[in-house]
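Colleague: Just passing along the structure, written as structure tokens.
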Amino acid sequence: MTDLIAESQEALRQERLEALARRWGPWALLAAVAVVLGVVAWQGWAAADRAAREARTGAYIAAAEEGPGALAAAADSLGPLAPLARLTAGEPLDEDAPQMWADLARLGAADLTLEQAKAIAGRTDSPWRARAGERAAVRAGQGGDFAAAREFLDEIVRDPAAPGSLKARAQDLATLYAAQAGGGPE
């Protein structure tokens, strides 16, 4: 009797599994195929994107080796490297250049004002923040505002993202400005 019940239960389980497979099997297969196709498409796109970036980088390097004129001529075909090519070639940036490149160009300008440096240093998303802080400190020091200069320099020293060499220069400048202000080094 126990064998008959176990056999019935096993047959019932088998029928339920077959019904489940008939109902949901095609959908599960379709989902698996969609996942595989999605991964293949993503990998194909990533490979094509990598190849395009490598080609642009190769073109940039080749133009840079030829000189500033070649960089300026090739800038339009370099995609996201165009602002860097223009800066390296000494050309002005387009108005639609990303903020990062505009900040770098501004920082490199000889006529950078204290306000312009402060604006760049105040942008938390700027990769040039610490460098702009240094330029702002120098401009403030040139104007005789040693307290403001030391505030900028202290921010650089506390910034974990600032390069070590920049932190060392900031400490040296802070010492210099403290001495010029008559306060001595702190």
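Within each chain, counting starts at residue 1; across the structure tokens, chains are named A, B, ... in the order shown, with ligands numbered 1 upward in that order.
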Within 10 Å of range 130-134 of chain A, which residues of range 44-120 of chain A show up? Give each one with its shortest atom-to-atom distance in Å (one decimal) and the two atoms involved, counting only C-alpha atoms, rows by chain then rising residue number, as JSON lines.
Modeller:
{"residue": "A:Asp103", "atom": "CA", "partner": "A:Ala132", "partner_atom": "CA", "distance": 8.7}
{"residue": "A:Leu104", "atom": "CA", "partner": "A:Ala132", "partner_atom": "CA", "distance": 9.0}
{"residue": "A:Arg106", "atom": "CA", "partner": "A:Ala132", "partner_atom": "CA", "distance": 9.4}
{"residue": "A:Leu107", "atom": "CA", "partner": "A:Ala132", "partner_atom": "CA", "distance": 6.6}
{"residue": "A:Gly108", "atom": "CA", "partner": "A:Ala132", "partner_atom": "CA", "distance": 9.9}
{"residue": "A:Leu112", "atom": "CA", "partner": "A:Ala132", "partner_atom": "CA", "distance": 9.9}
{"residue": "A:Leu114", "atom": "CA", "partner": "A:Ala132", "partner_atom": "CA", "distance": 9.5}
{"residue": "A:Gln116", "atom": "CA", "partner": "A:Ala132", "partner_atom": "CA", "distance": 8.7}
{"residue": "A:Ala117", "atom": "CA", "partner": "A:Ala132", "partner_atom": "CA", "distance": 5.2}
{"residue": "A:Lys118", "atom": "CA", "partner": "A:Gly133", "partner_atom": "CA", "distance": 6.8}
{"residue": "A:Ala119", "atom": "CA", "partner": "A:Ala132", "partner_atom": "CA", "distance": 8.4}
{"residue": "A:Ile120", "atom": "CA", "partner": "A:Ala132", "partner_atom": "CA", "distance": 5.9}
Colleague: Enumerate the residues of range 79-160 of chain A with a DSSP assignment of helix (DSSP H, G or I), computed from the backbone, and present them as number ranges by chain.
Modeller: A: 79-89, 99-108, 114-121, 129-142, 146-158
Colleague: How about saving the chosen residues, C-alpha atoms kept, as a PDB file, in the first residue's frame?
Modeller:
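And here is the file that came out, selection_20.pdb:
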ATOM      1  CA  GLY A  79      36.995  63.047 -30.164  1.00  0.00           C
ATOM      2  CA  PRO A  80      37.308  63.530 -26.403  1.00  0.00           C
ATOM      3  CA  LEU A  81      41.056  64.172 -26.778  1.00  0.00           C
ATOM      4  CA  ALA A  82      40.428  67.281 -28.906  1.00  0.00           C
ATOM      5  CA  PRO A  83      40.593  69.757 -25.986  1.00  0.00           C
ATOM      6  CA  LEU A  84      43.879  68.226 -24.809  1.00  0.00           C
ATOM      7  CA  ALA A  85      45.284  68.449 -28.346  1.00  0.00           C
ATOM      8  CA  ARG A  86      44.240  72.099 -28.611  1.00  0.00           C
ATOM      9  CA  LEU A  87      45.762  72.942 -25.235  1.00  0.00           C
ATOM     10  CA  THR A  88      49.003  71.142 -26.079  1.00  0.00           C
ATOM     11  CA  ALA A  89      49.161  72.921 -29.427  1.00  0.00           C
ATOM     12  CA  GLN A  99      34.666  72.230 -17.833  1.00  0.00           C
ATOM     13  CA  MET A 100      37.669  70.119 -16.839  1.00  0.00           C
ATOM     14  CA  TRP A 101      39.627  71.264 -19.903  1.00  0.00           C
ATOM     15  CA  ALA A 102      38.493  74.867 -19.571  1.00  0.00           C
ATOM     16  CA  ASP A 103      39.724  74.844 -15.958  1.00  0.00           C
ATOM     17  CA  LEU A 104      43.087  73.457 -17.023  1.00  0.00           C
ATOM     18  CA  ALA A 105      43.444  76.096 -19.735  1.00  0.00           C
ATOM     19  CA  ARG A 106      42.538  78.817 -17.248  1.00  0.00           C
ATOM     20  CA  LEU A 107      45.052  77.530 -14.705  1.00  0.00           C
ATOM     21  CA  GLY A 108      47.773  77.638 -17.321  1.00  0.00           C
ATOM     22  CA  LEU A 114      42.642  85.290  -7.707  1.00  0.00           C
ATOM     23  CA  GLU A 115      38.885  85.095  -8.285  1.00  0.00           C
ATOM     24  CA  GLN A 116      39.281  82.699 -11.220  1.00  0.00           C
ATOM     25  CA  ALA A 117      41.601  80.444  -9.211  1.00  0.00           C
ATOM     26  CA  LYS A 118      39.196  80.536  -6.248  1.00  0.00           C
ATOM     27  CA  ALA A 119      36.311  79.532  -8.518  1.00  0.00           C
ATOM     28  CA  ILE A 120      38.187  76.480  -9.811  1.00  0.00           C
ATOM     29  CA  ALA A 121      39.459  75.574  -6.324  1.00  0.00           C
ATOM     30  CA  ARG A 129      41.124  71.713  -7.439  1.00  0.00           C
ATOM     31  CA  ALA A 130      44.393  71.416  -5.492  1.00  0.00           C
ATOM     32  CA  ARG A 131      46.424  73.047  -8.275  1.00  0.00           C
ATOM     33  CA  ALA A 132      43.907  75.897  -8.410  1.00  0.00           C
ATOM     34  CA  GLY A 133      44.196  76.278  -4.644  1.00  0.00           C
ATOM     35  CA  GLU A 134      47.942  76.646  -5.019  1.00  0.00           C
ATOM     36  CA  ARG A 135      47.504  79.280  -7.728  1.00  0.00           C
ATOM     37  CA  ALA A 136      44.933  81.102  -5.563  1.00  0.00           C
ATOM     38  CA  ALA A 137      47.355  81.041  -2.630  1.00  0.00           C
ATOM     39  CA  VAL A 138      50.131  82.498  -4.782  1.00  0.00           C
ATOM     40  CA  ARG A 139      47.827  85.220  -6.106  1.00  0.00           C
ATOM     41  CA  ALA A 140      46.632  86.030  -2.557  1.00  0.00           C
ATOM     42  CA  GLY A 141      50.249  86.113  -1.361  1.00  0.00           C
ATOM     43  CA  GLN A 142      51.205  88.427  -4.207  1.00  0.00           C
ATOM     44  CA  PHE A 146      48.897  86.017   3.606  1.00  0.00           C
ATOM     45  CA  ALA A 147      46.079  84.758   5.832  1.00  0.00           C
ATOM     46  CA  ALA A 148      43.925  83.890   2.795  1.00  0.00           C
ATOM     47  CA  ALA A 149      46.945  82.346   1.096  1.00  0.00           C
ATOM     48  CA  ARG A 150      47.592  80.113   4.093  1.00  0.00           C
ATOM     49  CA  GLU A 151      43.902  79.043   4.153  1.00  0.00           C
ATOM     50  CA  PHE A 152      44.198  77.816   0.563  1.00  0.00           C
ATOM     51  CA  LEU A 153      47.463  76.056   1.374  1.00  0.00           C
ATOM     52  CA  ASP A 154      46.024  74.402   4.481  1.00  0.00           C
ATOM     53  CA  GLU A 155      43.163  73.031   2.357  1.00  0.00           C
ATOM     54  CA  ILE A 156      45.682  71.486  -0.031  1.00  0.00           C
ATOM     55  CA  VAL A 157      47.589  69.852   2.820  1.00  0.00           C
ATOM     56  CA  ARG A 158      44.334  68.390   4.218  1.00  0.00           C
TER      57      ARG A 158
END
Colleague: Which residues come within 12 Å of range 40-52 of chain A, counting only C-alpha atoms, excluding same-chain residues fewer than 4 positions away, as number ranges by chain?
Modeller: A: 33-36, 56-59, 77-81
Colleague: Using only C-alpha atoms, which of A:Ala161, A:Ala62, A:Ala179, A:Ala72 sits nearest Trp128 in chain A?
Modeller: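 When distances to Trp128 in chain A are compared using only C-alpha atoms, the smallest one comes from A:Ala161.
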